[in-house]
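A.B. asks: File follows, upload39.txt with compact mmCIF, N, CA and C atoms:
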```
# COMPACT_ATOMS: atom_id res chain seq x y z
N VAL R 12 139.31 96.58 72.60
CA VAL R 12 137.88 96.43 72.77
C VAL R 12 137.16 97.59 72.09
N GLN R 13 136.01 97.29 71.52
CA GLN R 13 135.18 98.33 70.91
C GLN R 13 133.95 98.57 71.76
N LEU R 14 133.62 99.83 71.94
CA LEU R 14 132.49 100.22 72.78
C LEU R 14 131.47 100.98 71.95
N VAL R 15 130.22 100.64 72.11
CA VAL R 15 129.15 101.30 71.38
C VAL R 15 128.05 101.69 72.36
N GLU R 16 127.82 103.00 72.49
CA GLU R 16 126.76 103.49 73.37
C GLU R 16 125.45 103.60 72.62
N SER R 17 124.38 103.50 73.37
CA SER R 17 123.05 103.71 72.82
C SER R 17 122.13 104.15 73.95
N GLY R 18 120.94 104.63 73.56
CA GLY R 18 119.94 104.98 74.55
C GLY R 18 119.77 106.45 74.82
N GLY R 19 120.61 107.27 74.20
CA GLY R 19 120.45 108.70 74.39
C GLY R 19 119.21 109.22 73.68
N GLY R 20 118.91 110.49 73.94
CA GLY R 20 117.75 111.08 73.30
C GLY R 20 117.34 112.37 73.97
N LEU R 21 116.15 112.82 73.61
CA LEU R 21 115.57 114.04 74.16
C LEU R 21 114.51 113.67 75.18
N VAL R 22 114.60 114.26 76.35
CA VAL R 22 113.64 113.96 77.42
C VAL R 22 113.35 115.24 78.19
N GLN R 23 112.16 115.34 78.73
CA GLN R 23 111.82 116.48 79.56
C GLN R 23 112.43 116.36 80.94
N ALA R 24 112.65 117.49 81.57
CA ALA R 24 113.17 117.49 82.94
C ALA R 24 112.27 116.63 83.83
N GLY R 25 112.91 115.84 84.67
CA GLY R 25 112.19 114.91 85.52
C GLY R 25 112.03 113.53 84.93
N GLY R 26 112.33 113.41 83.66
CA GLY R 26 112.20 112.13 82.99
C GLY R 26 113.39 111.22 83.20
N SER R 27 113.36 110.09 82.51
CA SER R 27 114.39 109.05 82.67
C SER R 27 114.89 108.57 81.32
N LEU R 28 116.12 108.13 81.33
CA LEU R 28 116.72 107.45 80.20
C LEU R 28 117.63 106.36 80.73
N ARG R 29 117.81 105.32 79.93
CA ARG R 29 118.80 104.31 80.27
C ARG R 29 119.80 104.18 79.13
N LEU R 30 121.03 104.48 79.44
CA LEU R 30 122.09 104.33 78.46
C LEU R 30 122.67 102.93 78.55
N SER R 31 123.07 102.41 77.40
CA SER R 31 123.73 101.12 77.34
C SER R 31 125.06 101.29 76.61
N CYS R 32 126.01 100.48 76.98
CA CYS R 32 127.29 100.46 76.30
C CYS R 32 127.68 99.00 76.10
N SER R 33 127.72 98.59 74.86
CA SER R 33 128.06 97.21 74.54
C SER R 33 129.52 97.12 74.13
N ALA R 34 130.19 96.10 74.62
CA ALA R 34 131.61 95.93 74.36
C ALA R 34 131.86 94.67 73.56
N SER R 35 132.86 94.73 72.72
CA SER R 35 133.31 93.54 71.99
C SER R 35 134.83 93.52 72.03
N GLY R 36 135.36 92.32 71.93
CA GLY R 36 136.81 92.18 72.00
C GLY R 36 137.20 91.26 73.14
N ARG R 37 138.09 91.74 73.98
CA ARG R 37 138.53 90.94 75.12
C ARG R 37 137.39 90.69 76.08
N PRO R 38 137.52 89.65 76.91
CA PRO R 38 136.46 89.38 77.88
C PRO R 38 136.09 90.60 78.70
N PHE R 39 134.81 90.88 78.73
CA PHE R 39 134.31 92.09 79.36
C PHE R 39 134.65 92.16 80.83
N SER R 40 134.72 91.00 81.48
CA SER R 40 134.98 90.98 82.92
C SER R 40 136.39 91.45 83.28
N MET R 41 137.24 91.66 82.31
CA MET R 41 138.59 92.19 82.57
C MET R 41 138.57 93.69 82.86
N TYR R 42 137.45 94.34 82.50
CA TYR R 42 137.43 95.80 82.49
C TYR R 42 136.58 96.39 83.60
N ALA R 43 137.12 97.39 84.26
CA ALA R 43 136.28 98.32 84.98
C ALA R 43 135.71 99.28 83.93
N MET R 44 134.51 99.76 84.18
CA MET R 44 133.83 100.60 83.20
C MET R 44 133.43 101.94 83.82
N GLY R 45 133.48 102.95 82.98
CA GLY R 45 133.09 104.28 83.46
C GLY R 45 132.20 104.98 82.46
N TRP R 46 131.46 105.95 82.98
CA TRP R 46 130.67 106.86 82.16
C TRP R 46 131.19 108.27 82.41
N PHE R 47 131.40 108.99 81.34
CA PHE R 47 131.80 110.39 81.39
C PHE R 47 130.84 111.18 80.52
N ARG R 48 130.84 112.48 80.69
CA ARG R 48 129.99 113.32 79.83
C ARG R 48 130.70 114.62 79.53
N GLN R 49 130.30 115.20 78.42
CA GLN R 49 130.86 116.49 78.03
C GLN R 49 129.74 117.36 77.48
N ALA R 50 129.53 118.47 78.15
CA ALA R 50 128.53 119.43 77.72
C ALA R 50 129.20 120.45 76.78
N PRO R 51 128.42 121.12 75.95
CA PRO R 51 129.01 122.11 75.02
C PRO R 51 129.80 123.16 75.77
N GLY R 52 131.02 123.39 75.32
CA GLY R 52 131.85 124.42 75.91
C GLY R 52 132.48 124.05 77.24
N LYS R 53 132.28 122.82 77.67
CA LYS R 53 132.82 122.40 78.96
C LYS R 53 133.76 121.23 78.78
N GLU R 54 134.56 121.01 79.81
CA GLU R 54 135.46 119.87 79.78
C GLU R 54 134.69 118.58 80.07
N ARG R 55 135.26 117.49 79.64
CA ARG R 55 134.69 116.19 79.95
C ARG R 55 134.73 115.97 81.47
N GLU R 56 133.67 115.41 82.00
CA GLU R 56 133.63 115.15 83.43
C GLU R 56 133.19 113.72 83.72
N PHE R 57 133.66 113.24 84.84
CA PHE R 57 133.30 111.90 85.31
C PHE R 57 131.86 111.87 85.78
N VAL R 58 131.18 110.79 85.47
CA VAL R 58 129.80 110.60 85.94
C VAL R 58 129.72 109.42 86.91
N SER R 59 130.20 108.26 86.47
CA SER R 59 130.05 107.07 87.28
C SER R 59 131.03 106.00 86.82
N ALA R 60 131.32 105.05 87.69
CA ALA R 60 132.19 103.92 87.34
C ALA R 60 131.78 102.70 88.12
N ILE R 61 132.19 101.55 87.61
CA ILE R 61 131.86 100.28 88.25
C ILE R 61 133.03 99.34 88.07
N THR R 62 133.35 98.59 89.13
CA THR R 62 134.46 97.66 89.04
C THR R 62 134.13 96.48 88.15
N SER R 63 135.14 95.68 87.84
CA SER R 63 134.98 94.62 86.85
C SER R 63 133.93 93.59 87.25
N ASN R 64 133.79 93.35 88.54
CA ASN R 64 132.80 92.36 88.98
C ASN R 64 131.48 93.01 89.41
N GLY R 65 131.40 94.33 89.27
CA GLY R 65 130.18 95.04 89.63
C GLY R 65 130.01 95.27 91.11
N GLY R 66 131.01 94.92 91.90
CA GLY R 66 130.85 94.99 93.34
C GLY R 66 130.93 96.38 93.94
N THR R 67 131.57 97.29 93.24
CA THR R 67 131.75 98.64 93.76
C THR R 67 131.40 99.65 92.67
N THR R 68 130.68 100.67 93.08
CA THR R 68 130.30 101.73 92.14
C THR R 68 130.75 103.09 92.68
N PHE R 69 130.87 104.01 91.77
CA PHE R 69 131.31 105.36 92.10
C PHE R 69 130.43 106.35 91.32
N TYR R 70 130.14 107.47 91.96
CA TYR R 70 129.32 108.50 91.32
C TYR R 70 129.87 109.88 91.65
N THR R 71 129.72 110.77 90.70
CA THR R 71 129.99 112.16 91.02
C THR R 71 128.82 112.68 91.85
N ASP R 72 129.09 113.67 92.68
CA ASP R 72 128.08 114.12 93.64
C ASP R 72 126.78 114.57 92.97
N SER R 73 126.88 115.19 91.82
CA SER R 73 125.70 115.78 91.20
C SER R 73 124.71 114.75 90.69
N VAL R 74 125.09 113.48 90.60
CA VAL R 74 124.17 112.46 90.09
C VAL R 74 123.81 111.43 91.15
N LYS R 75 124.41 111.50 92.31
CA LYS R 75 124.12 110.53 93.37
C LYS R 75 122.63 110.57 93.72
N GLY R 76 122.06 109.39 93.82
CA GLY R 76 120.64 109.29 94.14
C GLY R 76 119.74 109.38 92.92
N ARG R 77 120.29 109.78 91.78
CA ARG R 77 119.49 109.89 90.55
C ARG R 77 119.95 108.89 89.49
N PHE R 78 121.23 108.64 89.41
CA PHE R 78 121.79 107.73 88.39
C PHE R 78 122.23 106.43 89.05
N THR R 79 122.12 105.34 88.31
CA THR R 79 122.59 104.04 88.78
C THR R 79 123.36 103.35 87.67
N ILE R 80 124.58 102.96 87.98
CA ILE R 80 125.38 102.21 87.03
C ILE R 80 125.28 100.73 87.36
N SER R 81 125.26 99.91 86.33
CA SER R 81 125.22 98.47 86.53
C SER R 81 125.87 97.81 85.31
N ARG R 82 126.12 96.53 85.43
CA ARG R 82 126.72 95.82 84.31
C ARG R 82 126.22 94.40 84.27
N ASP R 83 126.23 93.85 83.07
CA ASP R 83 125.89 92.45 82.85
C ASP R 83 127.05 91.85 82.09
N ASN R 84 127.92 91.17 82.79
CA ASN R 84 129.12 90.64 82.14
C ASN R 84 128.79 89.56 81.11
N ALA R 85 127.71 88.86 81.31
CA ALA R 85 127.31 87.84 80.34
C ALA R 85 126.90 88.47 79.00
N LYS R 86 126.41 89.71 79.06
CA LYS R 86 126.01 90.42 77.86
C LYS R 86 127.05 91.45 77.42
N SER R 87 128.15 91.53 78.15
CA SER R 87 129.22 92.49 77.83
C SER R 87 128.67 93.91 77.69
N THR R 88 127.83 94.27 78.64
CA THR R 88 127.15 95.55 78.57
C THR R 88 127.16 96.24 79.93
N VAL R 89 127.37 97.54 79.90
CA VAL R 89 127.24 98.37 81.10
C VAL R 89 126.10 99.35 80.85
N TYR R 90 125.37 99.66 81.91
CA TYR R 90 124.19 100.51 81.82
C TYR R 90 124.35 101.73 82.72
N LEU R 91 123.65 102.77 82.34
CA LEU R 91 123.53 103.94 83.21
C LEU R 91 122.06 104.33 83.22
N GLN R 92 121.39 104.00 84.30
CA GLN R 92 119.99 104.40 84.48
C GLN R 92 119.97 105.81 85.03
N MET R 93 119.32 106.71 84.32
CA MET R 93 119.31 108.12 84.70
C MET R 93 117.87 108.53 84.98
N ASN R 94 117.60 108.87 86.22
CA ASN R 94 116.27 109.30 86.64
C ASN R 94 116.31 110.76 87.08
N SER R 95 115.15 111.35 87.16
CA SER R 95 115.02 112.74 87.62
C SER R 95 116.00 113.64 86.87
N LEU R 96 116.00 113.52 85.59
CA LEU R 96 116.96 114.26 84.78
C LEU R 96 116.72 115.75 84.85
N LYS R 97 117.81 116.48 84.76
CA LYS R 97 117.79 117.94 84.84
C LYS R 97 118.41 118.51 83.57
N PRO R 98 118.07 119.73 83.24
CA PRO R 98 118.69 120.33 82.04
C PRO R 98 120.21 120.33 82.09
N GLU R 99 120.77 120.44 83.28
CA GLU R 99 122.23 120.45 83.40
C GLU R 99 122.86 119.09 83.15
N ASP R 100 122.04 118.06 82.98
CA ASP R 100 122.56 116.74 82.60
C ASP R 100 122.76 116.64 81.08
N THR R 101 122.35 117.66 80.35
CA THR R 101 122.51 117.64 78.90
C THR R 101 123.99 117.58 78.54
N ALA R 102 124.34 116.59 77.73
CA ALA R 102 125.74 116.38 77.35
C ALA R 102 125.82 115.20 76.40
N ILE R 103 126.99 115.02 75.85
CA ILE R 103 127.30 113.76 75.18
C ILE R 103 127.88 112.83 76.25
N TYR R 104 127.34 111.65 76.32
CA TYR R 104 127.76 110.68 77.32
C TYR R 104 128.63 109.62 76.65
N TYR R 105 129.76 109.37 77.27
CA TYR R 105 130.72 108.41 76.75
C TYR R 105 130.93 107.28 77.76
N CYS R 106 131.01 106.07 77.28
CA CYS R 106 131.47 105.00 78.15
C CYS R 106 132.94 104.74 77.86
N ALA R 107 133.60 104.20 78.86
CA ALA R 107 135.04 103.96 78.76
C ALA R 107 135.39 102.69 79.51
N ALA R 108 136.44 102.05 79.04
CA ALA R 108 136.88 100.78 79.62
C ALA R 108 138.31 100.88 80.12
N ASP R 109 138.50 100.33 81.30
CA ASP R 109 139.81 100.33 81.95
C ASP R 109 140.21 98.88 82.18
N LEU R 110 141.23 98.43 81.47
CA LEU R 110 141.69 97.05 81.59
C LEU R 110 142.46 96.87 82.90
N ARG R 111 141.77 96.42 83.94
CA ARG R 111 142.46 96.28 85.23
C ARG R 111 142.13 94.98 85.94
N TYR R 112 141.44 94.05 85.24
CA TYR R 112 141.09 92.77 85.83
C TYR R 112 140.43 93.02 87.20
N SER R 113 140.93 92.45 88.25
CA SER R 113 140.33 92.62 89.57
C SER R 113 141.12 93.60 90.43
N ARG R 114 142.09 94.27 89.83
CA ARG R 114 142.89 95.22 90.58
C ARG R 114 142.00 96.35 91.08
N PRO R 115 141.99 96.62 92.36
CA PRO R 115 141.08 97.66 92.88
C PRO R 115 141.51 99.05 92.47
N PHE R 116 140.54 99.93 92.42
CA PHE R 116 140.83 101.33 92.17
C PHE R 116 141.51 101.94 93.38
N LEU R 117 142.46 102.80 93.14
CA LEU R 117 143.01 103.65 94.19
C LEU R 117 142.20 104.94 94.22
N ASP R 118 142.34 105.69 95.27
CA ASP R 118 141.61 106.95 95.40
C ASP R 118 141.87 107.84 94.19
N GLY R 119 140.80 108.32 93.60
CA GLY R 119 140.91 109.23 92.47
C GLY R 119 140.95 108.58 91.12
N GLU R 120 141.23 107.30 91.09
CA GLU R 120 141.38 106.64 89.79
C GLU R 120 140.08 106.51 89.01
N PRO R 121 138.97 106.14 89.63
CA PRO R 121 137.75 105.98 88.82
C PRO R 121 137.36 107.26 88.08
N GLN R 122 137.68 108.38 88.68
CA GLN R 122 137.28 109.67 88.13
C GLN R 122 138.26 110.20 87.08
N ASP R 123 139.39 109.56 86.94
CA ASP R 123 140.45 110.05 86.07
C ASP R 123 140.34 109.41 84.69
N GLY R 124 139.98 110.20 83.72
CA GLY R 124 139.83 109.68 82.36
C GLY R 124 141.07 109.03 81.81
N ARG R 125 142.22 109.38 82.33
CA ARG R 125 143.48 108.81 81.82
C ARG R 125 143.62 107.34 82.20
N GLN R 126 142.80 106.87 83.13
CA GLN R 126 142.85 105.45 83.52
C GLN R 126 142.23 104.55 82.46
N TYR R 127 141.41 105.12 81.59
CA TYR R 127 140.60 104.33 80.68
C TYR R 127 141.26 104.27 79.30
N GLU R 128 141.45 103.06 78.82
CA GLU R 128 142.18 102.88 77.57
C GLU R 128 141.27 102.95 76.34
N TYR R 129 140.02 102.67 76.53
CA TYR R 129 139.11 102.58 75.39
C TYR R 129 137.88 103.44 75.64
N TRP R 130 137.39 104.06 74.58
CA TRP R 130 136.26 104.98 74.65
C TRP R 130 135.27 104.70 73.52
N GLY R 131 134.00 104.89 73.83
CA GLY R 131 132.98 104.82 72.80
C GLY R 131 132.87 106.14 72.06
N GLN R 132 131.95 106.17 71.11
CA GLN R 132 131.79 107.36 70.27
C GLN R 132 130.85 108.39 70.89
N GLY R 133 130.13 107.99 71.92
CA GLY R 133 129.26 108.91 72.63
C GLY R 133 127.82 108.85 72.16
N THR R 134 126.91 109.21 73.07
CA THR R 134 125.50 109.30 72.75
C THR R 134 124.96 110.59 73.37
N GLN R 135 124.16 111.31 72.61
CA GLN R 135 123.68 112.62 73.05
C GLN R 135 122.48 112.46 73.98
N VAL R 136 122.54 113.14 75.09
CA VAL R 136 121.41 113.24 76.01
C VAL R 136 121.03 114.72 76.11
N THR R 137 119.78 115.02 75.83
CA THR R 137 119.29 116.39 75.90
C THR R 137 118.08 116.42 76.81
N VAL R 138 118.15 117.25 77.84
CA VAL R 138 117.05 117.39 78.79
C VAL R 138 116.47 118.79 78.66
N SER R 139 115.20 118.85 78.30
CA SER R 139 114.55 120.14 78.10
C SER R 139 113.85 120.58 79.39
N ASP R 140 113.65 121.90 79.50
CA ASP R 140 112.98 122.45 80.69
C ASP R 140 111.52 122.02 80.73
```
What would you get if you wrote out this structure as structure tokens?
C.D. replies:
Amino acid sequence: VQLVESGGGLVQAGGSLRLSCSASGRPFSMYAMGWFRQAPGKEREFVSAITSNGGTTFYTDSVKGRFTISRDNAKSTVYLQMNSLKPEDTAIYYCAADLRYSRPFLDGEPQDGRQYEYWGQGTQVTVSD
């Protein structure tokens, strides 16, 4: 599967952005999807994930209440709505796909980048003070 992110950009603190990740290849509903980010000089970190049917979502603590992940399987697209952005949200954001059909996540799996077989090229998000 090929993943293409879009929607990044420069925004002031407190603003919003919506990232999109479009997939092509195998049926999108086979995949759980995740968003990760990597800031300069830092390791890649988990942001959010969603199961293949969209029924369950996961968030890292620092974005809970501000970010919302969703998906439209008919459009083969996953979204990350980011509100109340902070300068510390500045990073390259990557979407990733985990081919797991309806198999549920075990504890720790959504956050583990090694679970995801496919990655997009990333989109830059910059939040200014």
A.B. asks: For Arg48 in chain R, find every residue with an atom within 8 Å (counting all atoms listed in the file), except residues of its own chain fewer than 6 positions away, and show them as number ranges by chain.
C.D. replies: R: 54-59, 101-106
A.B. asks: State, in Å with one decimal place, the distance from CA of Asp109 in chain R to CA of Ser33 in chain R.
C.D. replies: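 Separating CA of Asp109 in chain R from CA of Ser33 in chain R is a distance of 14.2 Å.
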A.B. asks: Can you work out which one of R:Gly36, R:Leu28, R:Ala43, R:Ser73 has the shortest atom-to-atom distance to Gln13 in chain R, counting all atoms listed in the file?
C.D. replies: R:Gly36
A.B. asks: Take the point (128.3, 100.2, 77.4) as written in the file and pick out every residue within 6 Å of it, counting all atoms listed in the file; give the list as number ranges by chain.
C.D. replies: R: 15-16, 31-34, 88-90, 106
A.B. asks: Step one, run DSSP on the backbone; step two, keep only residues of range 95-130 of chain R assigned to helix (DSSP H, G or I); then write them as a ChimeraX atom specification.
C.D. replies: /R:98-100,124-126
A.B. asks: Restricting the calculation to only C-alpha atoms, which member of R:Gln126, R:Ser40, R:Ser27, R:Gln135 is positioned closest to Ser87 in chain R?
C.D. replies: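 So, comparing all the options, the nearest one is R:Ser40.
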A.B. asks: Within chain R, find each residue whose DSSP state, derived from the backbone, is strand (DSSP E), and express the selection as a ChimeraX atom specification.
C.D. replies: /R:13-17,20-23,28-35,42-49,56-61,68-70,78-83,88-93,102-110,129-130,134-139
A.B. asks: Which distance in Å separates atom N of Asn94 in chain R and CA of Lys75 in chain R, to one decimal?
C.D. replies: 9.8 Å
A.B. asks: Counting only C-alpha atoms, which residue out of R:Asp140, R:Glu99, R:Glu128, R:Asp123 sits closest to Phe47 in chain R?
C.D. replies: R:Asp123
A.B. asks: I need every residue sitting at most 12 Å from the point (145.2, 103.1, 83.9) (coordinates as in the file, only C-alpha atoms considered), written as an mmCIF file with N, CA and C atoms, in the frame of the given file.
C.D. replies:
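Contents of result.cif, freshly written:
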```
data_model
loop_
_atom_site.group_PDB
_atom_site.id
_atom_site.type_symbol
_atom_site.label_atom_id
_atom_site.label_comp_id
_atom_site.auth_asym_id
_atom_site.auth_seq_id
_atom_site.Cartn_x
_atom_site.Cartn_y
_atom_site.Cartn_z
ATOM 1 N N TYR R 42 137.450 94.340 82.500
ATOM 2 C CA TYR R 42 137.430 95.800 82.490
ATOM 3 C C TYR R 42 136.580 96.390 83.600
ATOM 4 N N ALA R 43 137.120 97.390 84.260
ATOM 5 C CA ALA R 43 136.280 98.320 84.980
ATOM 6 C C ALA R 43 135.710 99.280 83.930
ATOM 7 N N MET R 44 134.510 99.760 84.180
ATOM 8 C CA MET R 44 133.830 100.600 83.200
ATOM 9 C C MET R 44 133.430 101.940 83.820
ATOM 10 N N ALA R 107 133.600 104.200 78.860
ATOM 11 C CA ALA R 107 135.040 103.960 78.760
ATOM 12 C C ALA R 107 135.390 102.690 79.510
ATOM 13 N N ALA R 108 136.440 102.050 79.040
ATOM 14 C CA ALA R 108 136.880 100.780 79.620
ATOM 15 C C ALA R 108 138.310 100.880 80.120
ATOM 16 N N ASP R 109 138.500 100.330 81.300
ATOM 17 C CA ASP R 109 139.810 100.330 81.950
ATOM 18 C C ASP R 109 140.210 98.880 82.180
ATOM 19 N N LEU R 110 141.230 98.430 81.470
ATOM 20 C CA LEU R 110 141.690 97.050 81.590
ATOM 21 C C LEU R 110 142.460 96.870 82.900
ATOM 22 N N ARG R 111 141.770 96.420 83.940
ATOM 23 C CA ARG R 111 142.460 96.280 85.230
ATOM 24 C C ARG R 111 142.130 94.980 85.940
ATOM 25 N N TYR R 112 141.440 94.050 85.240
ATOM 26 C CA TYR R 112 141.090 92.770 85.830
ATOM 27 C C TYR R 112 140.430 93.020 87.200
ATOM 28 N N ARG R 114 142.090 94.270 89.830
ATOM 29 C CA ARG R 114 142.890 95.220 90.580
ATOM 30 C C ARG R 114 142.000 96.350 91.080
ATOM 31 N N PRO R 115 141.990 96.620 92.360
ATOM 32 C CA PRO R 115 141.080 97.660 92.880
ATOM 33 C C PRO R 115 141.510 99.050 92.470
ATOM 34 N N PHE R 116 140.540 99.930 92.420
ATOM 35 C CA PHE R 116 140.830 101.330 92.170
ATOM 36 C C PHE R 116 141.510 101.940 93.380
ATOM 37 N N LEU R 117 142.460 102.800 93.140
ATOM 38 C CA LEU R 117 143.010 103.650 94.190
ATOM 39 C C LEU R 117 142.200 104.940 94.220
ATOM 40 N N GLY R 119 140.800 108.320 93.600
ATOM 41 C CA GLY R 119 140.910 109.230 92.470
ATOM 42 C C GLY R 119 140.950 108.580 91.120
ATOM 43 N N GLU R 120 141.230 107.300 91.090
ATOM 44 C CA GLU R 120 141.380 106.640 89.790
ATOM 45 C C GLU R 120 140.080 106.510 89.010
ATOM 46 N N PRO R 121 138.970 106.140 89.630
ATOM 47 C CA PRO R 121 137.750 105.980 88.820
ATOM 48 C C PRO R 121 137.360 107.260 88.080
ATOM 49 N N GLN R 122 137.680 108.380 88.680
ATOM 50 C CA GLN R 122 137.280 109.670 88.130
ATOM 51 C C GLN R 122 138.260 110.200 87.080
ATOM 52 N N ASP R 123 139.390 109.560 86.940
ATOM 53 C CA ASP R 123 140.450 110.050 86.070
ATOM 54 C C ASP R 123 140.340 109.410 84.690
ATOM 55 N N GLY R 124 139.980 110.200 83.720
ATOM 56 C CA GLY R 124 139.830 109.680 82.360
ATOM 57 C C GLY R 124 141.070 109.030 81.810
ATOM 58 N N ARG R 125 142.220 109.380 82.330
ATOM 59 C CA ARG R 125 143.480 108.810 81.820
ATOM 60 C C ARG R 125 143.620 107.340 82.200
ATOM 61 N N GLN R 126 142.800 106.870 83.130
ATOM 62 C CA GLN R 126 142.850 105.450 83.520
ATOM 63 C C GLN R 126 142.230 104.550 82.460
ATOM 64 N N TYR R 127 141.410 105.120 81.590
ATOM 65 C CA TYR R 127 140.600 104.330 80.680
ATOM 66 C C TYR R 127 141.260 104.270 79.300
ATOM 67 N N GLU R 128 141.450 103.060 78.820
ATOM 68 C CA GLU R 128 142.180 102.880 77.570
ATOM 69 C C GLU R 128 141.270 102.950 76.340
ATOM 70 N N TYR R 129 140.020 102.670 76.530
ATOM 71 C CA TYR R 129 139.110 102.580 75.390
ATOM 72 C C TYR R 129 137.880 103.440 75.640
#
```
A.B. asks: Out of R:Val12, R:Ser113, R:Gly52, R:Leu21, which residue has the shortest atom-to-atom distance to Val136 in chain R when counting all atoms listed in the file?
C.D. replies: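 When distances to Val136 in chain R are compared using all atoms listed in the file, the smallest one comes from R:Leu21.
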A.B. asks: What gap, in Å, lies between atom C of Lys97 in chain R and CA of Gly133 in chain R?
C.D. replies: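 CA of Gly133 in chain R lies at a distance of 18.2 Å from atom C of Lys97 in chain R.
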A.B. asks: Considering only C-alpha atoms, can you say which of R:Pro38, R:Ser139, R:Gly20, R:Gln132 comes closest to Ala85 in chain R?
C.D. replies: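 Smallest separation from Ala85 in chain R among the options: R:Pro38.
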A.B. asks: Might I get the box with edges along x, y and z of the file that holds all atoms of range 110-116 of chain R listed there, padded by 4 Å on every side, given as centre and edge lengths in Å to one decimal, as lines of an AutoDock Vina configuration file?
C.D. replies:
```
center_x = 141.6
center_y = 97.2
center_z = 87.4
size_x = 10.6
size_y = 17.5
size_z = 19.9
```
